[in-house]
Amino acid sequence: MNKQAVSLVLASGGARGIAHIGVIEELERQNFEIKSISGTSMGAIVGGIYAAGHLQEYKKWLLKLDKLDVFRLMDFTISSHGFIKGMRIFEEIEPFLGDLLIEDLPIPFSAVAVDLLKQEEVIFQSGKLKDALRASVSIPNVLEPYKLDGKILVDGGILNPIPLNRVKRSKNDLLIAVDLNELDNTQAHLKRKQKIHKKKKKEIYALLKRIEFKEQWERLFPKEEQKEQKIGYFDIMDSSFDIMQNQISKFSIEKYPPDILVSISKTVCGTFDFHLANELIEFGKEKFNQALIQYDKKVISQYKNKV
């Protein structure tokens with residue numbers, strides 16, 4: 001059978017972007033062929049690693065993470081540019097990227113970042129893949145900006161959270177987009193089914209006895225009751241960023257309507273809930289299949305109307 005060509009667009013959205021892996025796995029399982037990819041922030045990470053041919057290794061690494069592992073990956077800094085350096089995270093995913101050049105990838109790929117000095121979008125379609133991904137994922141005031149070739153680069157989600165206009169199209173392809181910025185409170189917050197090992201629980205409790213670590217831990221993994229009781233600086237910034245991305249995403253989807261839109265709400269998990277990898281991957285598969293059913297119904301309805 002000939003495979004249906006797909007041009008795939010992967011949105012920004014922190015840990016929710018792990019759901020992109022589930023969508024990609026379902027596309028492959030159901031005989032679709034991904035011919036090109038564009039992505040912003042976490043969408044760029046997943047899309048770039050997939051284009052490089054290392055998605056399964058990356059998935060295996062993610063599935064091993066629990067809350068303590070995620071916390072250890074955060075190299076906190078007192079810099080006014082962001083509270084996480086990002087070096088430790090990228091050292092971990094370096095094996096999946098190496099020194100690969102975007103123009104040498106077997107699948108056409110583009111990543112979106114923003115140049116703060118020129119206040120404009122930067123589209124990476126060539127150059128080192130790791131540079132493109134590090135720039136695209138630099139959430140303002142969270143991850144330190146990435147300096148490259150005289151530019152100060154931050155998260156592409158500021159201007160283009162779902163880069164539908166940056167993916168390379170091919171003849172008779174399907175344009176499929178995964179939106180992670182829908183403000184839909186009906187999608188319940190995912191919770192991890194696995195239990196944390198007793199030894200790691202003791203380490204967490206020991207960390208939380210130290211005030212500086214307790215504050216950082218609660219910033220990354222706020223409890224629901226904490227969210228309701230007080231809204232801190234990071235909460236205000238995070239919510240504002242989500243609202244902005246949601247509005248920009250809506251305009252982008254209206255202007256460049258995809259054939260299939262997979263919508264995942266910001267409520268399914270927190271920005272740093274990477275320990276929910278298994279649940280997020282399965283959720284991505286579920287949401288893709290729901291979107292595919294709606295697409296099939298639409299195609300059948302259009303066919304009947306023509307007949």
# chains A, B, ... in the order shown; residues from 1 in each chain; ligands from 1
call {"tool": "select_by_dssp", "arguments": {"residues": "range 46-114 of chain A", "states": "alpha helix (DSSP H)", "output": "MDAnalysis selection string"}}
result
chainID A and resid 46:51 55:63 67:73 87:97
call {"tool": "write_last_selection", "arguments": {"atoms": "N, CA and C atoms", "output": "compact mmCIF listing (two decimals), in the first residue's frame"}}
result
# COMPACT_ATOMS: atom_id res chain seq x y z
N VAL A 46 10.92 17.40 19.93
CA VAL A 46 10.41 16.08 19.50
C VAL A 46 10.55 15.92 17.99
N GLY A 47 10.17 16.95 17.24
CA GLY A 47 10.24 16.88 15.79
C GLY A 47 11.67 16.74 15.30
N GLY A 48 12.60 17.49 15.90
CA GLY A 48 14.00 17.43 15.49
C GLY A 48 14.63 16.09 15.80
N ILE A 49 14.35 15.55 16.98
CA ILE A 49 14.91 14.25 17.36
C ILE A 49 14.32 13.15 16.48
N TYR A 50 13.03 13.27 16.14
CA TYR A 50 12.42 12.28 15.24
C TYR A 50 13.07 12.35 13.86
N ALA A 51 13.25 13.56 13.33
CA ALA A 51 13.87 13.74 12.02
C ALA A 51 15.30 13.20 12.00
N LEU A 55 14.09 9.05 17.93
CA LEU A 55 12.93 9.27 18.81
C LEU A 55 12.74 8.15 19.83
N GLN A 56 12.98 6.91 19.43
CA GLN A 56 12.76 5.80 20.36
C GLN A 56 13.75 5.83 21.53
N GLU A 57 15.00 6.20 21.24
CA GLU A 57 15.99 6.32 22.33
C GLU A 57 15.60 7.46 23.28
N TYR A 58 15.13 8.56 22.70
CA TYR A 58 14.70 9.70 23.51
C TYR A 58 13.49 9.31 24.36
N LYS A 59 12.57 8.57 23.78
CA LYS A 59 11.38 8.11 24.51
C LYS A 59 11.78 7.23 25.70
N LYS A 60 12.70 6.30 25.47
CA LYS A 60 13.15 5.41 26.55
C LYS A 60 13.76 6.20 27.70
N TRP A 61 14.52 7.26 27.34
CA TRP A 61 15.12 8.11 28.37
C TRP A 61 14.03 8.84 29.16
N LEU A 62 13.04 9.38 28.47
CA LEU A 62 11.95 10.10 29.13
C LEU A 62 11.17 9.19 30.08
N LEU A 63 10.91 7.96 29.64
CA LEU A 63 10.09 7.05 30.43
C LEU A 63 10.73 6.65 31.75
N LYS A 67 9.91 12.48 39.32
CA LYS A 67 10.00 13.89 39.74
C LYS A 67 11.41 14.26 40.20
N LEU A 68 12.04 13.37 40.94
CA LEU A 68 13.37 13.68 41.45
C LEU A 68 14.38 13.79 40.31
N ASP A 69 14.25 12.91 39.31
CA ASP A 69 15.15 12.98 38.15
C ASP A 69 14.98 14.31 37.42
N VAL A 70 13.73 14.74 37.25
CA VAL A 70 13.45 16.01 36.57
C VAL A 70 14.07 17.16 37.36
N PHE A 71 13.90 17.12 38.68
CA PHE A 71 14.44 18.16 39.54
C PHE A 71 15.96 18.25 39.42
N ARG A 72 16.61 17.09 39.38
CA ARG A 72 18.07 17.06 39.28
C ARG A 72 18.58 17.63 37.94
N LEU A 73 17.74 17.54 36.91
CA LEU A 73 18.12 18.05 35.59
C LEU A 73 18.09 19.58 35.52
N MET A 87 21.85 23.82 30.57
CA MET A 87 23.01 23.05 30.11
C MET A 87 22.88 21.57 30.46
N ARG A 88 22.40 21.30 31.67
CA ARG A 88 22.32 19.92 32.14
C ARG A 88 21.34 19.10 31.30
N ILE A 89 20.20 19.72 30.95
CA ILE A 89 19.20 19.03 30.14
C ILE A 89 19.77 18.68 28.77
N PHE A 90 20.44 19.67 28.16
CA PHE A 90 20.96 19.44 26.81
C PHE A 90 22.16 18.51 26.80
N GLU A 91 22.86 18.39 27.92
CA GLU A 91 23.92 17.39 28.01
C GLU A 91 23.32 15.99 27.95
N GLU A 92 22.13 15.82 28.52
CA GLU A 92 21.45 14.53 28.52
C GLU A 92 20.94 14.15 27.13
N ILE A 93 20.44 15.13 26.38
CA ILE A 93 19.88 14.79 25.07
C ILE A 93 20.90 14.95 23.94
N GLU A 94 22.12 15.36 24.29
CA GLU A 94 23.20 15.49 23.30
C GLU A 94 23.40 14.23 22.45
N PRO A 95 23.35 13.02 23.06
CA PRO A 95 23.54 11.80 22.25
C PRO A 95 22.52 11.64 21.13
N PHE A 96 21.34 12.25 21.29
CA PHE A 96 20.31 12.13 20.25
C PHE A 96 20.49 13.16 19.14
N LEU A 97 21.38 14.11 19.36
CA LEU A 97 21.56 15.22 18.41
C LEU A 97 22.93 15.23 17.76
call {"tool": "closest_residue", "arguments": {"among": "A:Ile37, A:Leu143, A:Leu117, A:Leu292", "to": "Ile102 in chain A", "atoms": "only C-alpha atoms"}}
result
A:Ile37
call {"tool": "atom_distance", "arguments": {"atom1": "CA of Thr40 in chain A", "atom2": "CA of Gly156 in chain A"}}
result
5.6 Å
call {"tool": "residues_around", "arguments": {"residues": "range 18-33 of chain A", "least_positions_apart": "6", "cutoff": "9 Å", "atoms": "only C-alpha atoms", "output": "ChimeraX atom specification"}}
result
/A:1-8,10-11,42-43,46-47,50,55,59,62,178,180,262,264,274,276-289
call {"tool": "residues_around", "arguments": {"residues": "range 148-154 of chain A", "least_positions_apart": "6", "cutoff": "12 Å", "atoms": "only C-alpha atoms", "output": "MDAnalysis selection string"}}
result
chainID A and resid 40:41 81:82 111:124 127:128 130:142 160
call {"tool": "closest_residue", "arguments": {"among": "A:Ser240, A:Asn181, A:Asp273, A:Glu144", "to": "Pro222 in chain A", "atoms": "only C-alpha atoms"}}
result
A:Asp273
